[in-house]
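Novice: Provided herewith is a single structure, encoded as structure tokens, for subsequent inquiry.
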Amino acid sequence: MDGDMSRHIFVTGGVVSSLGKGLTSASIGMLLERRGLKVRMQKLDPYLNVDPGTMSPYQHGEVYVLDDGSETDLDLGHYERFTSGELNRRSNYTTGQIYSSVIDKERRGVYLGRTVQVVPHITDEIKAAILGLGEPGVDVVITELGGTVGDIEGLPFLEAIRQIPLDIGKENCLFIHLTLVPYLKAAREAKTKPTQHSVQQLREIGIQPDILIVRTERPIGREHTDKIALFCNVEKKAVIEEVDKEFSIYEVPVGLVEHGLDELICQKLSLKSGPLNMEDYRDLVHRIRNPQNEVTIAVVGKYIEHRDAYKSIYESLDHAGFHHSTQIHVKRIEAEELERQGPEMVLKGVDGVLVPGGFGMRGIEGKIQAIQYARQSETPFFGICLGMQCAVIEFARNVLDLKDANSTEFAADTPHPVICLLEGQKTINRKGGTMRLGAQPCVLVPDTRAARAYASAEISERHRHRYEFNPEYRKEFVQSGMRIAGTSPDGTLVEIVELAAHPWFVAVQYHPEFKSKPNIPHPLFRDFVQACLQRRLGRAVAISAPGDSIRAQG
């Protein structure tokens with residue numbers, strides 16, 4: 001085997017879902033990068049949907065969008081936040097994509113009349129998707145398999161990765177299995193049997209894990225890890241504890257380093273790596289653990305009860321908080337609940353308001369009320385995608401006095417369609433992958449909040465939407481105080497709006513949350529949290545001044 005060929009790491013999960021395979025995979029990628037290796041990452045999802053783009057946030061969480069317009073699994077957000085390797089449409093495959101490709105080949109006669117079967121045709125397609133990332137210069141490809149061992153829909157993927165060591169050599173492959181060691185309070189002990197059974201299922205398929213990472217609620221000690229090693233046929237040093245983190249998910253890489261996982265991987269794959277460089281990251285973790293201030297930010301959305309529906313939003317707020325040594329307390333507010341109780345009751349005392357994206361009519365009026373409250377009370381406001389569109393509707397109704405102003409998405413017959421369908425969307429009737437997607441350039445207007453935040457004249461941000469600011473109303477908005485701070489290069493599409501007279505009121509048509517990292521917060525999230533912090537500290541000073549308490553609370 002060529003010593004310069006890419007090595008492959010496969011991360012599987014067992015016992016239960018939602019153990020954090022994506023976070024663990026991303027952490028491994030980060031550690032290898034910090035040893036000077038070039039890493040590519042990939043997620044294989046067993047569901048039949050062609051991509052997550054048409055899936056409900058209640059079932060799947062957020063749809064993570066890449067620069068090339070791919071609508072992908074939210075775990076790719078972890079990959080981008082932790083690593084610097086390029087992600088594109090080859091970084092996320094579903095069963096639906098694999099089967100669609102095979103069926104298309106069959107229709108074109110590629111298989112020359114042979115009977116098309118799961119083995120070898122489906123498995124060969126999966127192997128091609130995995131091995132295709134092992135391009136020249138790539139040291140390690142990390143492939144995460146969604147779901148858990150034993151799921152019927154995941155069997156073709158497991159069979160494919162079982163075959164890969166036979167194709168490229170076992171010495172070039174590493175299997176990492178993530179399992180749960182539950183702690184039973186009644187028995188007052190941790191139980192290793194679920195992990196043993198999970199590994200047994202994996203071995204029945206033909207895969208022997210090289211490394212076991214065991215998720216635990218509390219440390220389990222050498223007695224249990226040695227027992228797991230014995231019954232699972234794994235070296236003792238290859239059983240790694242991953243204890244639940246007290247402060248932040250960004251502590252996970254540090255915990256893996258303490259157990260020597262990065263060194264173990266390099267040894268097993270004979271990787272020519274440099275020393276691990278973690279000084280700046282340890283400083284980040286120290287700031288996370290020791291915040292100097294705190295703010296409360298209301299996120300007013302329609303999928304609030306599903307925490308992963310706005311995963312990147314919450315992470316980006318945290319990143320900005322790390323930058324300012326500030327603990328972010330997110331007050332998750334269901335937009336419909338705000339409609340029932342009123343914004344004064346629900347939003348009183350918050351330091352900032354963020355309205356994220358979404359689709360459909362439900363909760364729209366609650367979002368608009370939240371924006372009106374933020375505008376009139378001079379509370380820092382950040383609108384994203386639908387949040388920008390709602391800000392435009394609110395301004396049209398309450399400042400321009402355009403009664404019943406709306407988006408044609410919600411009211412096709414509105415007399416004032418201040419938000420309307422993109423011209424290129426009017427003839428489209430298919431749902432999947434048909435929106436304005438991916439990285440798009442935006443030209444910033446000098447001396448605006450956006451321009452100062454980015455410190456650049458032109459930016460590139462990721463989009464996922466069908467509707468836009470109606471240019472027919474642009475003059476009226478500008479004359480009444482809404483500043484157009486960013487547009488498409490030809491000036492036709494409005495990308496950013498601001499209120500110059502407001503302490504901090506910025507709304508964008510794109511999704512900045514997809515470009516934030518824990519040690520490099522997105523500029524707009526950074527400045528939004530700074531504005532929230534200034535408001536909180538200013539209110540605290542005002543409240544402490546004699547005779548000023550009523551004014552400060554108002």
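Residue numbering restarts at 1 in every chain; chains get A, B, ... in the order shown in the structure tokens, and ligands count up from 1 in that same order.
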Run DSSP on the backbone and tell me which residues of range 294-347 of chain A come out as helix (DSSP H, G or I); list them as a list in words.

Specialist: Arg307, Asp308, Ala309, Tyr310, Lys311, Ser312, Ile313, Tyr314, Glu315, Ser316, Leu317, Asp318, His319, Ala320, Gly321, Phe322, His323, Ala335, Glu336, Glu337, Leu338, Glu339, Arg340, Gln341, Pro343, Glu344, Met345, Val346 and Leu347 of chain A

Novice: Please identify all polymer residues within 9 Å of Asp75 in chain A, counting only C-alpha atoms, omitting same-chain residues fewer than 2 positions from it, and present them as a list in words.

Specialist: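 My list of contacting residues is Lys21, Gly22, Leu23, Ala26, Lys43, Tyr64, Thr72, Asp73, Gly77, His78, Tyr79 and Glu80 of chain A.
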
Novice: Output the selection as a compact mmCIF listing (two decimals), in the first residue's frame - all heavy atoms for each residue.

Specialist:
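Wrote result_37.txt, looks like this:
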```txt
# COMPACT_ATOMS: atom_id res chain seq x y z
N LYS A 21 -21.95 11.34 18.11
CA LYS A 21 -20.95 10.87 17.14
C LYS A 21 -20.40 12.03 16.32
O LYS A 21 -19.21 12.09 16.02
CB LYS A 21 -21.57 9.83 16.19
CG LYS A 21 -21.91 8.51 16.81
CD LYS A 21 -22.19 7.45 15.77
CE LYS A 21 -23.29 7.85 14.78
NZ LYS A 21 -24.59 8.05 15.42
N GLY A 22 -21.30 12.96 15.93
CA GLY A 22 -20.85 14.08 15.12
C GLY A 22 -19.87 14.95 15.86
O GLY A 22 -18.85 15.38 15.30
N LEU A 23 -20.15 15.22 17.12
CA LEU A 23 -19.26 16.04 17.94
C LEU A 23 -17.92 15.34 18.17
O LEU A 23 -16.85 15.94 18.10
CB LEU A 23 -19.93 16.36 19.27
CG LEU A 23 -19.15 17.22 20.26
CD1 LEU A 23 -18.78 18.55 19.65
CD2 LEU A 23 -19.96 17.41 21.53
N ALA A 26 -15.96 15.34 14.90
CA ALA A 26 -15.40 16.68 14.67
C ALA A 26 -14.20 16.94 15.58
O ALA A 26 -13.21 17.55 15.16
CB ALA A 26 -16.47 17.74 14.88
N LYS A 43 -20.37 12.57 6.39
CA LYS A 43 -21.45 11.94 7.16
C LYS A 43 -22.29 11.10 6.20
O LYS A 43 -22.70 11.57 5.13
CB LYS A 43 -22.32 13.03 7.81
CG LYS A 43 -23.59 12.51 8.51
CD LYS A 43 -23.29 11.88 9.84
CE LYS A 43 -24.55 11.35 10.54
NZ LYS A 43 -25.43 12.41 11.04
N TYR A 64 -28.32 22.20 7.54
CA TYR A 64 -27.06 22.94 7.47
C TYR A 64 -26.67 23.11 6.00
O TYR A 64 -26.59 22.13 5.26
CB TYR A 64 -25.97 22.20 8.23
CG TYR A 64 -24.72 23.02 8.45
CD1 TYR A 64 -24.64 23.90 9.52
CD2 TYR A 64 -23.64 22.93 7.58
CE1 TYR A 64 -23.50 24.68 9.73
CE2 TYR A 64 -22.50 23.70 7.78
CZ TYR A 64 -22.44 24.57 8.86
OH TYR A 64 -21.31 25.34 9.05
N THR A 72 -27.54 19.85 4.07
CA THR A 72 -26.92 18.69 4.70
C THR A 72 -27.37 18.50 6.15
O THR A 72 -28.10 19.32 6.71
CB THR A 72 -25.38 18.82 4.67
OG1 THR A 72 -24.99 19.89 5.55
CG2 THR A 72 -24.88 19.11 3.26
N ASP A 73 -26.86 17.42 6.73
CA ASP A 73 -27.13 17.09 8.12
C ASP A 73 -26.47 18.11 9.05
O ASP A 73 -25.40 18.65 8.75
CB ASP A 73 -26.58 15.69 8.41
CG ASP A 73 -26.87 15.21 9.81
OD1 ASP A 73 -27.97 14.69 10.04
OD2 ASP A 73 -26.01 15.38 10.70
N GLY A 77 -22.28 20.94 10.62
CA GLY A 77 -22.01 22.18 11.35
C GLY A 77 -20.90 21.97 12.37
O GLY A 77 -20.01 22.81 12.53
N HIS A 78 -20.95 20.83 13.10
CA HIS A 78 -19.86 20.51 14.02
C HIS A 78 -18.55 20.40 13.27
O HIS A 78 -17.51 20.89 13.73
CB HIS A 78 -20.14 19.18 14.74
CG HIS A 78 -21.25 19.24 15.73
ND1 HIS A 78 -21.32 20.22 16.70
CD2 HIS A 78 -22.33 18.43 15.94
CE1 HIS A 78 -22.40 20.01 17.46
NE2 HIS A 78 -23.02 18.94 17.01
N TYR A 79 -18.58 19.74 12.11
CA TYR A 79 -17.34 19.57 11.34
C TYR A 79 -16.72 20.93 11.00
O TYR A 79 -15.51 21.11 11.14
CB TYR A 79 -17.60 18.81 10.03
CG TYR A 79 -18.20 17.43 10.16
CD1 TYR A 79 -18.70 16.77 9.03
CD2 TYR A 79 -18.28 16.77 11.38
CE1 TYR A 79 -19.25 15.50 9.12
CE2 TYR A 79 -18.84 15.51 11.48
CZ TYR A 79 -19.32 14.87 10.34
OH TYR A 79 -19.88 13.62 10.43
N GLU A 80 -17.56 21.87 10.54
CA GLU A 80 -17.02 23.17 10.14
C GLU A 80 -16.60 24.00 11.35
O GLU A 80 -15.65 24.79 11.26
CB GLU A 80 -18.05 23.94 9.31
CG GLU A 80 -18.15 23.45 7.88
CD GLU A 80 -18.63 24.52 6.92
OE1 GLU A 80 -19.55 25.27 7.29
OE2 GLU A 80 -18.09 24.58 5.80
```

Novice: Please report the interatomic distance between CA of Ile304 in chain A and CA of Leu354 in chain A in Å with one decimal.

Specialist: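 Here the two named atoms are 12.4 Å from each other.
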
Novice: Neighbouring residues of range 492-502 of chain A were defined as those with any atom within 8 Å, considering only C-alpha atoms; residues of the same chain fewer than 4 positions away were excluded. Please report them as a list in words.

Specialist: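 Counting only C-alpha atoms, the residues come to Arg375, Glu378, Met388, Cys442, Arg449, Ala450, Glu468, Phe469, Pro471, Gly481, Met482, Arg483, Ile484, Ala485, Gly486, Thr487, Ser488, Val506, Ala507, Val508, Gln509 and Tyr510 of chain A.
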
Novice: Write the residues you've just listed into a file as a PDB file, in the first residue's frame, and include C-alpha atoms for each of them.

Specialist:
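Everything below was put into result28.pdb:
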```pdb
ATOM      1  CA  ARG A 375     -37.503  48.536  17.767  1.00  0.00           C
ATOM      2  CA  GLU A 378     -34.373  50.185  21.656  1.00  0.00           C
ATOM      3  CA  MET A 388     -35.297  40.047   8.208  1.00  0.00           C
ATOM      4  CA  CYS A 442     -22.907  40.785  -1.042  1.00  0.00           C
ATOM      5  CA  ARG A 449     -22.917  48.673  11.075  1.00  0.00           C
ATOM      6  CA  ALA A 450     -22.495  45.724   8.755  1.00  0.00           C
ATOM      7  CA  GLU A 468     -37.002  38.670  -0.971  1.00  0.00           C
ATOM      8  CA  PHE A 469     -37.385  42.355  -0.208  1.00  0.00           C
ATOM      9  CA  PRO A 471     -37.595  46.483  -4.722  1.00  0.00           C
ATOM     10  CA  GLY A 481     -35.167  55.558   8.101  1.00  0.00           C
ATOM     11  CA  MET A 482     -34.493  51.932   7.143  1.00  0.00           C
ATOM     12  CA  ARG A 483     -30.991  51.776   5.713  1.00  0.00           C
ATOM     13  CA  ILE A 484     -30.087  49.284   2.981  1.00  0.00           C
ATOM     14  CA  ALA A 485     -26.669  48.172   4.215  1.00  0.00           C
ATOM     15  CA  GLY A 486     -25.903  45.387   1.743  1.00  0.00           C
ATOM     16  CA  THR A 487     -27.076  44.224  -1.668  1.00  0.00           C
ATOM     17  CA  SER A 488     -26.243  41.702  -4.353  1.00  0.00           C
ATOM     18  CA  VAL A 506     -29.574  44.648  11.943  1.00  0.00           C
ATOM     19  CA  ALA A 507     -31.395  42.077   9.819  1.00  0.00           C
ATOM     20  CA  VAL A 508     -29.922  39.908   7.068  1.00  0.00           C
ATOM     21  CA  GLN A 509     -31.441  37.732   4.354  1.00  0.00           C
ATOM     22  CA  TYR A 510     -28.691  35.108   4.595  1.00  0.00           C
TER      23      TYR A 510
END
```

Novice: Mind giving me the straight-line distance from CA of Thr54 in chain A to CA of Ser70 in chain A in Å, one decimal?

Specialist: 12.4 Å

Novice: A:Leu166, A:Val116, A:Leu400, A:Leu74: which is nearest Gly20 in chain A, counting only C-alpha atoms?

Specialist: A:Leu74

Novice: Can you list, as a list in words, every protein, DNA or RNA residue that comes within 10 Å of Gly206 in chain A when you count only C-alpha atoms, leaving out same-chain residues fewer than 4 positions away?

Specialist: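 Contacts, with the query itself left out: Leu158, Glu159, Ile161, Arg162, Gln163, Gln200, Gln201 and Leu202 of chain A.
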
Novice: Write the residues of the preceding selection, restricted to N, CA, C and O atoms, as a compact mmCIF listing (two decimals), in the first residue's frame.

Specialist:
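Okay, this is what ended up in part-v3.txt:
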```txt
# COMPACT_ATOMS: atom_id res chain seq x y z
N LEU A 158 -22.75 -0.33 6.72
CA LEU A 158 -21.83 -1.12 7.53
C LEU A 158 -21.14 -2.19 6.68
O LEU A 158 -19.94 -2.45 6.85
N GLU A 159 -21.88 -2.80 5.77
CA GLU A 159 -21.28 -3.79 4.88
C GLU A 159 -20.24 -3.14 3.99
O GLU A 159 -19.16 -3.72 3.74
N ILE A 161 -18.35 -0.43 4.66
CA ILE A 161 -17.12 -0.11 5.39
C ILE A 161 -16.40 -1.38 5.85
O ILE A 161 -15.18 -1.36 6.07
N ARG A 162 -17.14 -2.49 5.99
CA ARG A 162 -16.48 -3.77 6.29
C ARG A 162 -15.57 -4.17 5.13
O ARG A 162 -14.47 -4.73 5.34
N GLN A 163 -16.00 -3.88 3.91
CA GLN A 163 -15.24 -4.30 2.73
C GLN A 163 -14.01 -3.42 2.46
O GLN A 163 -13.04 -3.87 1.86
N GLN A 200 -20.79 -6.63 20.11
CA GLN A 200 -21.10 -7.98 19.60
C GLN A 200 -21.86 -7.90 18.28
O GLN A 200 -21.57 -8.64 17.33
N GLN A 201 -22.83 -6.98 18.19
CA GLN A 201 -23.56 -6.80 16.93
C GLN A 201 -22.65 -6.35 15.81
O GLN A 201 -22.75 -6.80 14.68
N LEU A 202 -21.73 -5.45 16.13
CA LEU A 202 -20.79 -4.96 15.14
C LEU A 202 -19.89 -6.08 14.64
O LEU A 202 -19.62 -6.20 13.43
```

Novice: For the interface of range 249-368 of chain A with range 212-221 of chain A (cut-off 12 Å, counting only C-alpha atoms), please tabulate each contacting residue of range 249-368 of chain A alongside its nearest pair of atoms and their separation in Å to one decimal, rows sorted by chain and increasing number, as CSV.

Specialist:
```
residue,atom,partner,partner_atom,distance
A:Val252,CA,A:Arg215,CA,11.2
A:Gly255,CA,A:Ile213,CA,11.5
A:Leu256,CA,A:Ile213,CA,9.3
A:His259,CA,A:Ile213,CA,10.3
A:Gly260,CA,A:Ile213,CA,11.8
A:Leu261,CA,A:Ile213,CA,9.4
A:Leu264,CA,A:Leu212,CA,11.7
A:Ile265,CA,A:Leu212,CA,11.8
```

Novice: Residues as selected, N, CA, C and O atoms, written as a PDB file, in the first residue's frame, can you do that?

Specialist:
```pdb
ATOM      1  N   VAL A 252     -14.887  18.910  24.849  1.00  0.00           N
ATOM      2  CA  VAL A 252     -14.717  17.510  24.432  1.00  0.00           C
ATOM      3  C   VAL A 252     -13.322  17.230  23.885  1.00  0.00           C
ATOM      4  O   VAL A 252     -12.684  16.242  24.281  1.00  0.00           O
ATOM      5  N   GLY A 255     -10.794  16.767  26.644  1.00  0.00           N
ATOM      6  CA  GLY A 255     -10.965  15.502  27.351  1.00  0.00           C
ATOM      7  C   GLY A 255     -10.387  14.326  26.578  1.00  0.00           C
ATOM      8  O   GLY A 255      -9.786  13.417  27.160  1.00  0.00           O
ATOM      9  N   LEU A 256     -10.547  14.332  25.246  1.00  0.00           N
ATOM     10  CA  LEU A 256      -9.999  13.251  24.428  1.00  0.00           C
ATOM     11  C   LEU A 256      -8.474  13.279  24.429  1.00  0.00           C
ATOM     12  O   LEU A 256      -7.828  12.226  24.422  1.00  0.00           O
ATOM     13  N   HIS A 259      -7.000  11.656  27.437  1.00  0.00           N
ATOM     14  CA  HIS A 259      -6.996  10.189  27.367  1.00  0.00           C
ATOM     15  C   HIS A 259      -6.096   9.675  26.246  1.00  0.00           C
ATOM     16  O   HIS A 259      -6.100   8.470  25.955  1.00  0.00           O
ATOM     17  N   GLY A 260      -5.370  10.580  25.589  1.00  0.00           N
ATOM     18  CA  GLY A 260      -4.393  10.167  24.591  1.00  0.00           C
ATOM     19  C   GLY A 260      -4.960   9.660  23.290  1.00  0.00           C
ATOM     20  O   GLY A 260      -4.280   8.911  22.567  1.00  0.00           O
ATOM     21  N   LEU A 261      -6.195  10.070  22.949  1.00  0.00           N
ATOM     22  CA  LEU A 261      -6.824   9.526  21.744  1.00  0.00           C
ATOM     23  C   LEU A 261      -6.076   9.918  20.475  1.00  0.00           C
ATOM     24  O   LEU A 261      -5.885   9.092  19.578  1.00  0.00           O
ATOM     25  N   LEU A 264      -2.977   7.849  20.065  1.00  0.00           N
ATOM     26  CA  LEU A 264      -3.339   6.465  19.771  1.00  0.00           C
ATOM     27  C   LEU A 264      -3.717   6.297  18.302  1.00  0.00           C
ATOM     28  O   LEU A 264      -3.302   5.334  17.643  1.00  0.00           O
ATOM     29  N   ILE A 265      -4.502   7.244  17.770  1.00  0.00           N
ATOM     30  CA  ILE A 265      -4.899   7.178  16.363  1.00  0.00           C
ATOM     31  C   ILE A 265      -3.681   7.268  15.453  1.00  0.00           C
ATOM     32  O   ILE A 265      -3.548   6.500  14.483  1.00  0.00           O
TER      33      ILE A 265
END
```

Novice: Using only C-alpha atoms, which of A:Asn172, A:Thr179, A:Thr296, A:Thr12 sits nearest Phe157 in chain A?

Specialist: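 Checking each candidate against Phe157 in chain A, we get A:Thr12 as the closest.
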
Novice: Tell me, which residues of range 453-509 of chain A carry DSSP strand (DSSP E), written as a ChimeraX atom specification?

Specialist: /A:458-465,467-469,482-487,494-499,505-508

Novice: With C-alpha atoms retained, export the selected residues as an mmCIF file, in the first residue's frame.

Specialist:
```
data_model
loop_
_atom_site.group_PDB
_atom_site.id
_atom_site.type_symbol
_atom_site.label_atom_id
_atom_site.label_comp_id
_atom_site.auth_asym_id
_atom_site.auth_seq_id
_atom_site.Cartn_x
_atom_site.Cartn_y
_atom_site.Cartn_z
ATOM 1 C CA GLU A 458 -17.690 42.684 -0.119
ATOM 2 C CA ILE A 459 -18.558 39.449 1.665
ATOM 3 C CA SER A 460 -19.864 35.983 0.842
ATOM 4 C CA GLU A 461 -22.627 34.400 2.916
ATOM 5 C CA ARG A 462 -24.852 31.332 2.628
ATOM 6 C CA HIS A 463 -28.505 31.565 1.646
ATOM 7 C CA ARG A 464 -31.588 29.362 1.896
ATOM 8 C CA HIS A 465 -34.762 31.185 0.897
ATOM 9 C CA TYR A 467 -38.663 35.242 -0.969
ATOM 10 C CA GLU A 468 -37.002 38.670 -0.971
ATOM 11 C CA PHE A 469 -37.385 42.355 -0.208
ATOM 12 C CA MET A 482 -34.493 51.932 7.143
ATOM 13 C CA ARG A 483 -30.991 51.776 5.713
ATOM 14 C CA ILE A 484 -30.087 49.284 2.981
ATOM 15 C CA ALA A 485 -26.669 48.172 4.215
ATOM 16 C CA GLY A 486 -25.903 45.387 1.743
ATOM 17 C CA THR A 487 -27.076 44.224 -1.668
ATOM 18 C CA VAL A 494 -31.471 43.565 -0.609
ATOM 19 C CA GLU A 495 -29.313 41.469 1.706
ATOM 20 C CA ILE A 496 -29.003 43.628 4.849
ATOM 21 C CA VAL A 497 -31.213 46.266 6.448
ATOM 22 C CA GLU A 498 -30.452 48.440 9.469
ATOM 23 C CA LEU A 499 -32.036 51.186 11.542
ATOM 24 C CA PHE A 505 -30.917 46.847 14.761
ATOM 25 C CA VAL A 506 -29.574 44.648 11.943
ATOM 26 C CA ALA A 507 -31.395 42.077 9.819
ATOM 27 C CA VAL A 508 -29.922 39.908 7.068
#
```

Novice: Would you kindly return, as a list in words, each protein, DNA or RNA residue with an atom no farther than 8 Å from any atom of Val199 in chain A, considering only C-alpha atoms and excluding same-chain residues fewer than 3 positions away?

Specialist: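 Everything that qualifies: Gly14, His177, Thr195, Gln196, Leu202, Arg203, Gln208, Pro209 and Cys232 of chain A.
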
Novice: Would you put the residues from that selection into a file with N, CA, C and O atoms, as a PDB file, in the first residue's frame?

Specialist:
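result.pdb written:
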```
ATOM      1  N   GLY A  14     -23.514   2.944  18.900  1.00  0.00           N
ATOM      2  CA  GLY A  14     -24.357   1.853  19.363  1.00  0.00           C
ATOM      3  C   GLY A  14     -25.120   2.204  20.613  1.00  0.00           C
ATOM      4  O   GLY A  14     -24.919   3.264  21.209  1.00  0.00           O
ATOM      5  N   HIS A 177     -15.798   3.035  17.654  1.00  0.00           N
ATOM      6  CA  HIS A 177     -17.198   2.777  18.000  1.00  0.00           C
ATOM      7  C   HIS A 177     -17.552   3.549  19.270  1.00  0.00           C
ATOM      8  O   HIS A 177     -16.843   3.461  20.281  1.00  0.00           O
ATOM      9  N   THR A 195     -22.790  -1.836  26.112  1.00  0.00           N
ATOM     10  CA  THR A 195     -21.625  -1.662  25.232  1.00  0.00           C
ATOM     11  C   THR A 195     -21.155  -3.007  24.698  1.00  0.00           C
ATOM     12  O   THR A 195     -20.839  -3.142  23.506  1.00  0.00           O
ATOM     13  N   GLN A 196     -21.120  -4.025  25.549  1.00  0.00           N
ATOM     14  CA  GLN A 196     -20.720  -5.354  25.100  1.00  0.00           C
ATOM     15  C   GLN A 196     -21.636  -5.860  23.997  1.00  0.00           C
ATOM     16  O   GLN A 196     -21.191  -6.413  22.987  1.00  0.00           O
ATOM     17  N   LEU A 202     -21.727  -5.452  16.135  1.00  0.00           N
ATOM     18  CA  LEU A 202     -20.794  -4.955  15.138  1.00  0.00           C
ATOM     19  C   LEU A 202     -19.889  -6.078  14.637  1.00  0.00           C
ATOM     20  O   LEU A 202     -19.622  -6.198  13.427  1.00  0.00           O
ATOM     21  N   ARG A 203     -19.448  -6.934  15.554  1.00  0.00           N
ATOM     22  CA  ARG A 203     -18.569  -8.043  15.173  1.00  0.00           C
ATOM     23  C   ARG A 203     -19.314  -9.092  14.345  1.00  0.00           C
ATOM     24  O   ARG A 203     -18.725  -9.739  13.471  1.00  0.00           O
ATOM     25  N   GLN A 208     -14.545  -5.411  13.642  1.00  0.00           N
ATOM     26  CA  GLN A 208     -13.979  -5.381  14.985  1.00  0.00           C
ATOM     27  C   GLN A 208     -13.488  -3.961  15.273  1.00  0.00           C
ATOM     28  O   GLN A 208     -12.577  -3.475  14.604  1.00  0.00           O
ATOM     29  N   PRO A 209     -14.106  -3.276  16.234  1.00  0.00           N
ATOM     30  CA  PRO A 209     -13.645  -1.905  16.523  1.00  0.00           C
ATOM     31  C   PRO A 209     -12.215  -1.902  17.050  1.00  0.00           C
ATOM     32  O   PRO A 209     -11.814  -2.789  17.811  1.00  0.00           O
ATOM     33  N   CYS A 232     -14.787  -6.980  24.828  1.00  0.00           N
ATOM     34  CA  CYS A 232     -14.986  -6.432  23.480  1.00  0.00           C
ATOM     35  C   CYS A 232     -13.765  -6.633  22.584  1.00  0.00           C
ATOM     36  O   CYS A 232     -13.739  -6.159  21.447  1.00  0.00           O
TER      37      CYS A 232
END
```

Novice: List the spatial neighbours of Asp4 in chain A as an NGL selection string - criterion: any atom at most 10 Å away, only C-alpha atoms, same-chain residues fewer than 6 positions off excluded.

Specialist: :A and (136-139 or 271-272)

Novice: Pick out the residues sitting within 8 Å of Glu409 in chain A, and hand them over as a VMD selection string; count only C-alpha atoms, and ignore anything fewer than 4 positions along from it in its own chain.

Specialist: chain A and resid 360 to 361 420 to 421 467
